[in-house]
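Working notes, beginning with the structure itself.
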Amino acid sequence: MSEAAPRYQFGDVSQILDAVVAADGTAGHGYASGARASFGPNATLSLPDLADAAYYLCLLHGRHPGVIDHAATRSADNAARAWLIQAADAFARERAYLTQVTVAVGPAPSTAGQSDCETVVSQQRHALDMLAQSDRRGCAMGAAIALVLDWRAVRHVLDIAAIRVGLEPHVCVLPDRAATLEVAREIGGDDAIDRAILFGTRQLLNQHRGLWDVLQARAKIRAGKDQAANRA
C-alpha cells in the first residue's frame with residue numbers, strides 16, 4: 001500500500017481517504033485499468049477475462065448483506081444515516097446489475113487452480129464481512145466509504161463486459177465522490193475515529209487489489225496455455 005496518508009498528515013480525513021483511494025484503489029491496478037482498452041483487435045482484456053472478473057466480483061460482492069449493509073447496522077453517527085440509506089439502496093441495484101452481467105458474459109473460464117482461487121476469494125469475502133461488522137467506531141464506515149469511492153473504477157470493468165455482450169450499462173446511483181468525502185469529514189475529526197476510518201479503507205482496498213491480482217494471475221495462466229497450444 002502507498003504512503004499517501006502521511007503526505008496529508010495536516011489535512012482532514014477526507015483528504016487522506018481521497019489520496020489513498022487514488023493511490024491504492026482499483027483504478028491504479030494494471031489489470032482493471034486494462035479494461036479501458038478492451039475494444040477492437042488490440043483489446044487488453046478478452047471476453048473470458050471479463051467473464052472471470054464478473055464471476056469473482058459476484059463472489060466477493062454479490063451477496064446480501066454486504067459491506068454497506070453491515071456498516072449501516074454498526075454506525076451510530078447521525079451524520080452518516082442518510083448517506084448509508086442511499087448507499088445501501090444503490091448498492092442493492094449494483095448487486096442486481098453485477099448478477100445480470102455475470103450471467104450475460106457466461107461462466108468463468110476454466111483455469112488451472114480454479115478451486116484454490118475460489119477459496120481465496122471466499123476468504124476475502126469473509127474478511128470483508130468481519131471488517132464491516134467491526135465494533136471499532138469508524139472501521140465499518142471506512143470500509144463502506146472505500147467501497148463507494150472505489151466502485152466507480154470497478155464499475156468501469158463491469159460496464160465494458162456489459163457492452164461487449166450487448167447489454168446497456170445501468171446508471172450508477174451510488175453517492176458521488178464529493179458527498180462521500182463530506183460524510184467522512186463529518187464523522188471524522190477525532191484521532192481514534194480517523195485511524196479506524198483509514199484502517200477500514202485500507203483493508204477494503206487491500207481486498208480489491210488482492211482480487212485483481214488473482215484475476216491477473218489467472219489471465220496469465222490462460223495466455224500461457226494458449227501460447228503453448230499455438231506452438232504445438
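Scheme for the C-alpha cells: letters A, B, ... for chains in order shown; per-chain residue numbers from 1; ligand numbers from 1 in order shown.
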
Spatial neighbours of Val101 (chain A), 9 Å, only C-alpha atoms, chain gap at least 6 places, as number ranges by chain: A: 51, 54-55, 158-159, 161-162, 165, 167

For the contact check between region 172-197 of chain A and region 83-98 of chain A, emit one row per residue of region 172-197 of chain A within 10 Å, containing the shortest atom pair and the distance in Å rounded to one decimal, counting only C-alpha atoms, chain then rising number order, as CSV.
residue,atom,partner,partner_atom,distance
A:Cys172,CA,A:Glu94,CA,7.3
A:Val173,CA,A:Ala90,CA,5.6
A:Leu174,CA,A:Ala90,CA,5.2
A:Pro175,CA,A:Ala87,CA,6.1
A:Asp176,CA,A:Ala87,CA,9.7
A:Ala179,CA,A:Trp83,CA,8.0
A:Thr180,CA,A:Trp83,CA,7.6
A:Glu182,CA,A:Trp83,CA,9.9
A:Val183,CA,A:Trp83,CA,7.4

Please produce an output containing all heavy atoms for each residue in the selection, written as a short mmCIF file (atom, residue, chain, number, x, y, z; two decimals), in the first residue's frame.
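Done, and the output landed in again.cif:
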data_model
loop_
_atom_site.label_atom_id
_atom_site.label_comp_id
_atom_site.auth_asym_id
_atom_site.auth_seq_id
_atom_site.Cartn_x
_atom_site.Cartn_y
_atom_site.Cartn_z
N CYS A 172 -25.41 4.29 -12.47
CA CYS A 172 -24.97 4.06 -11.09
C CYS A 172 -25.45 5.23 -10.23
O CYS A 172 -25.17 6.40 -10.54
CB CYS A 172 -23.45 3.96 -11.02
SG CYS A 172 -22.81 3.67 -9.36
N VAL A 173 -26.19 4.92 -9.17
CA VAL A 173 -26.75 5.98 -8.33
C VAL A 173 -26.13 5.98 -6.93
O VAL A 173 -26.71 6.51 -5.98
CB VAL A 173 -28.29 5.86 -8.23
CG1 VAL A 173 -28.92 6.11 -9.59
CG2 VAL A 173 -28.72 4.51 -7.69
N LEU A 174 -24.96 5.39 -6.81
CA LEU A 174 -24.24 5.49 -5.53
C LEU A 174 -23.93 6.95 -5.22
O LEU A 174 -23.80 7.77 -6.13
CB LEU A 174 -22.93 4.70 -5.60
CG LEU A 174 -23.02 3.18 -5.51
CD1 LEU A 174 -21.69 2.55 -5.89
CD2 LEU A 174 -23.44 2.74 -4.11
N PRO A 175 -23.82 7.29 -3.94
CA PRO A 175 -23.43 8.67 -3.59
C PRO A 175 -22.15 9.05 -4.31
O PRO A 175 -21.24 8.23 -4.47
CB PRO A 175 -23.21 8.59 -2.08
CG PRO A 175 -24.07 7.46 -1.63
CD PRO A 175 -24.03 6.45 -2.74
N ASP A 176 -22.08 10.29 -4.78
CA ASP A 176 -20.91 10.70 -5.54
C ASP A 176 -19.71 10.95 -4.62
O ASP A 176 -19.82 10.89 -3.39
CB ASP A 176 -21.21 11.92 -6.42
CG ASP A 176 -21.57 13.17 -5.62
OD1 ASP A 176 -21.21 13.26 -4.43
OD2 ASP A 176 -22.21 14.07 -6.20
N ALA A 179 -20.03 13.91 -2.00
CA ALA A 179 -20.91 13.60 -0.87
C ALA A 179 -20.28 12.56 0.06
O ALA A 179 -20.42 12.65 1.29
CB ALA A 179 -22.25 13.09 -1.39
N THR A 180 -19.57 11.61 -0.53
CA THR A 180 -18.95 10.55 0.27
C THR A 180 -17.80 11.09 1.11
O THR A 180 -17.67 10.77 2.30
CB THR A 180 -18.47 9.43 -0.66
OG1 THR A 180 -19.59 8.91 -1.39
CG2 THR A 180 -17.81 8.30 0.12
N GLU A 182 -17.53 14.13 2.07
CA GLU A 182 -18.13 15.02 3.06
C GLU A 182 -18.60 14.23 4.29
O GLU A 182 -18.45 14.68 5.43
CB GLU A 182 -19.30 15.79 2.46
CG GLU A 182 -20.00 16.74 3.42
CD GLU A 182 -19.07 17.81 3.99
OE1 GLU A 182 -18.08 18.17 3.33
OE2 GLU A 182 -19.35 18.27 5.12
N VAL A 183 -19.15 13.04 4.07
CA VAL A 183 -19.56 12.19 5.20
C VAL A 183 -18.34 11.80 6.03
O VAL A 183 -18.39 11.82 7.26
CB VAL A 183 -20.30 10.93 4.68
CG1 VAL A 183 -20.41 9.88 5.78
CG2 VAL A 183 -21.70 11.31 4.21
#

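Taking only C-alpha atoms into account, Arg185 (chain A) lies nearest to A:Leu17 out of the set A:Ala72, A:Ala53, A:Leu205, A:Leu17.
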
Spatial neighbours of Ile160 (chain A), 12 Å, only C-alpha atoms, chain gap at least 2 places, as an MDAnalysis selection string: chainID A and resid 32:39 43:47 49:51 53:54 101 105 153:158 162:170

Å distance separating CA of Arg202 (chain A) from CA of Leu147 (chain A), one decimal place: 10.4 Å

Filtered DSSP result for chain A, state alpha helix (DSSP H), as a PyMOL selection string: chain A and resi 4-7+13-24+30-33+47-61+67-74+78-105+114-132+139-164+177-187+191-231

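Around region 117-122 of chain A, within 8 Å and counting only C-alpha atoms, the residues found are Tyr56, Leu59, Leu60, Leu211 and Val214 of chain A, once anything fewer than 6 positions away on its own chain is removed.
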
All heavy atoms of the current selection, written as a short mmCIF file (atom, residue, chain, number, x, y, z; two decimals), in the first residue's frame:
data_model
loop_
_atom_site.label_atom_id
_atom_site.label_comp_id
_atom_site.auth_asym_id
_atom_site.auth_seq_id
_atom_site.Cartn_x
_atom_site.Cartn_y
_atom_site.Cartn_z
N TYR A 56 -15.90 -13.41 -10.29
CA TYR A 56 -15.25 -13.27 -8.99
C TYR A 56 -15.72 -12.02 -8.24
O TYR A 56 -15.76 -12.02 -7.01
CB TYR A 56 -13.72 -13.30 -9.15
CG TYR A 56 -13.21 -14.71 -9.31
CD1 TYR A 56 -12.95 -15.25 -10.56
CD2 TYR A 56 -13.04 -15.54 -8.20
CE1 TYR A 56 -12.51 -16.55 -10.71
CE2 TYR A 56 -12.60 -16.83 -8.34
CZ TYR A 56 -12.34 -17.34 -9.58
OH TYR A 56 -11.92 -18.64 -9.72
N LEU A 59 -18.76 -13.17 -6.63
CA LEU A 59 -18.43 -13.97 -5.45
C LEU A 59 -18.07 -13.08 -4.27
O LEU A 59 -18.44 -13.36 -3.12
CB LEU A 59 -17.27 -14.92 -5.78
CG LEU A 59 -16.89 -15.96 -4.73
CD1 LEU A 59 -18.04 -16.91 -4.43
CD2 LEU A 59 -15.66 -16.76 -5.21
N LEU A 60 -17.40 -11.97 -4.55
CA LEU A 60 -16.95 -11.07 -3.48
C LEU A 60 -18.06 -10.14 -2.99
O LEU A 60 -18.21 -9.93 -1.78
CB LEU A 60 -15.77 -10.23 -3.98
CG LEU A 60 -15.05 -9.37 -2.94
CD1 LEU A 60 -14.38 -10.24 -1.88
CD2 LEU A 60 -14.00 -8.48 -3.61
N LEU A 211 -8.01 -9.19 -5.21
CA LEU A 211 -8.85 -9.81 -6.24
C LEU A 211 -8.28 -9.56 -7.62
O LEU A 211 -8.19 -10.49 -8.45
CB LEU A 211 -10.27 -9.23 -6.15
CG LEU A 211 -11.22 -9.70 -7.26
CD1 LEU A 211 -11.49 -11.19 -7.13
CD2 LEU A 211 -12.52 -8.92 -7.23
N VAL A 214 -5.41 -11.81 -8.28
CA VAL A 214 -5.86 -13.17 -8.61
C VAL A 214 -6.28 -13.24 -10.07
O VAL A 214 -5.89 -14.16 -10.81
CB VAL A 214 -7.03 -13.60 -7.69
CG1 VAL A 214 -7.71 -14.86 -8.24
CG2 VAL A 214 -6.52 -13.86 -6.28
#

Hey, which bits of region 101-129 of chain A sit within 12 Å of region 187-201 of chain A, and for each residue what's the closest pair of atoms and how far apart in Å (one decimal), counting only C-alpha atoms, rows by chain and increasing number, as a Markdown table?
| residue | atom | partner | partner_atom | distance |
| --- | --- | --- | --- | --- |
| A:Ala127 | CA | A:Gly200 | CA | 11.1 |
| A:Leu128 | CA | A:Gly200 | CA | 9.4 |
| A:Asp129 | CA | A:Gly200 | CA | 11.5 |

Separation of CA of Ala80 (chain A) from CA of Arg136 (chain A), in Å and rounded to one decimal: 15.8 Å
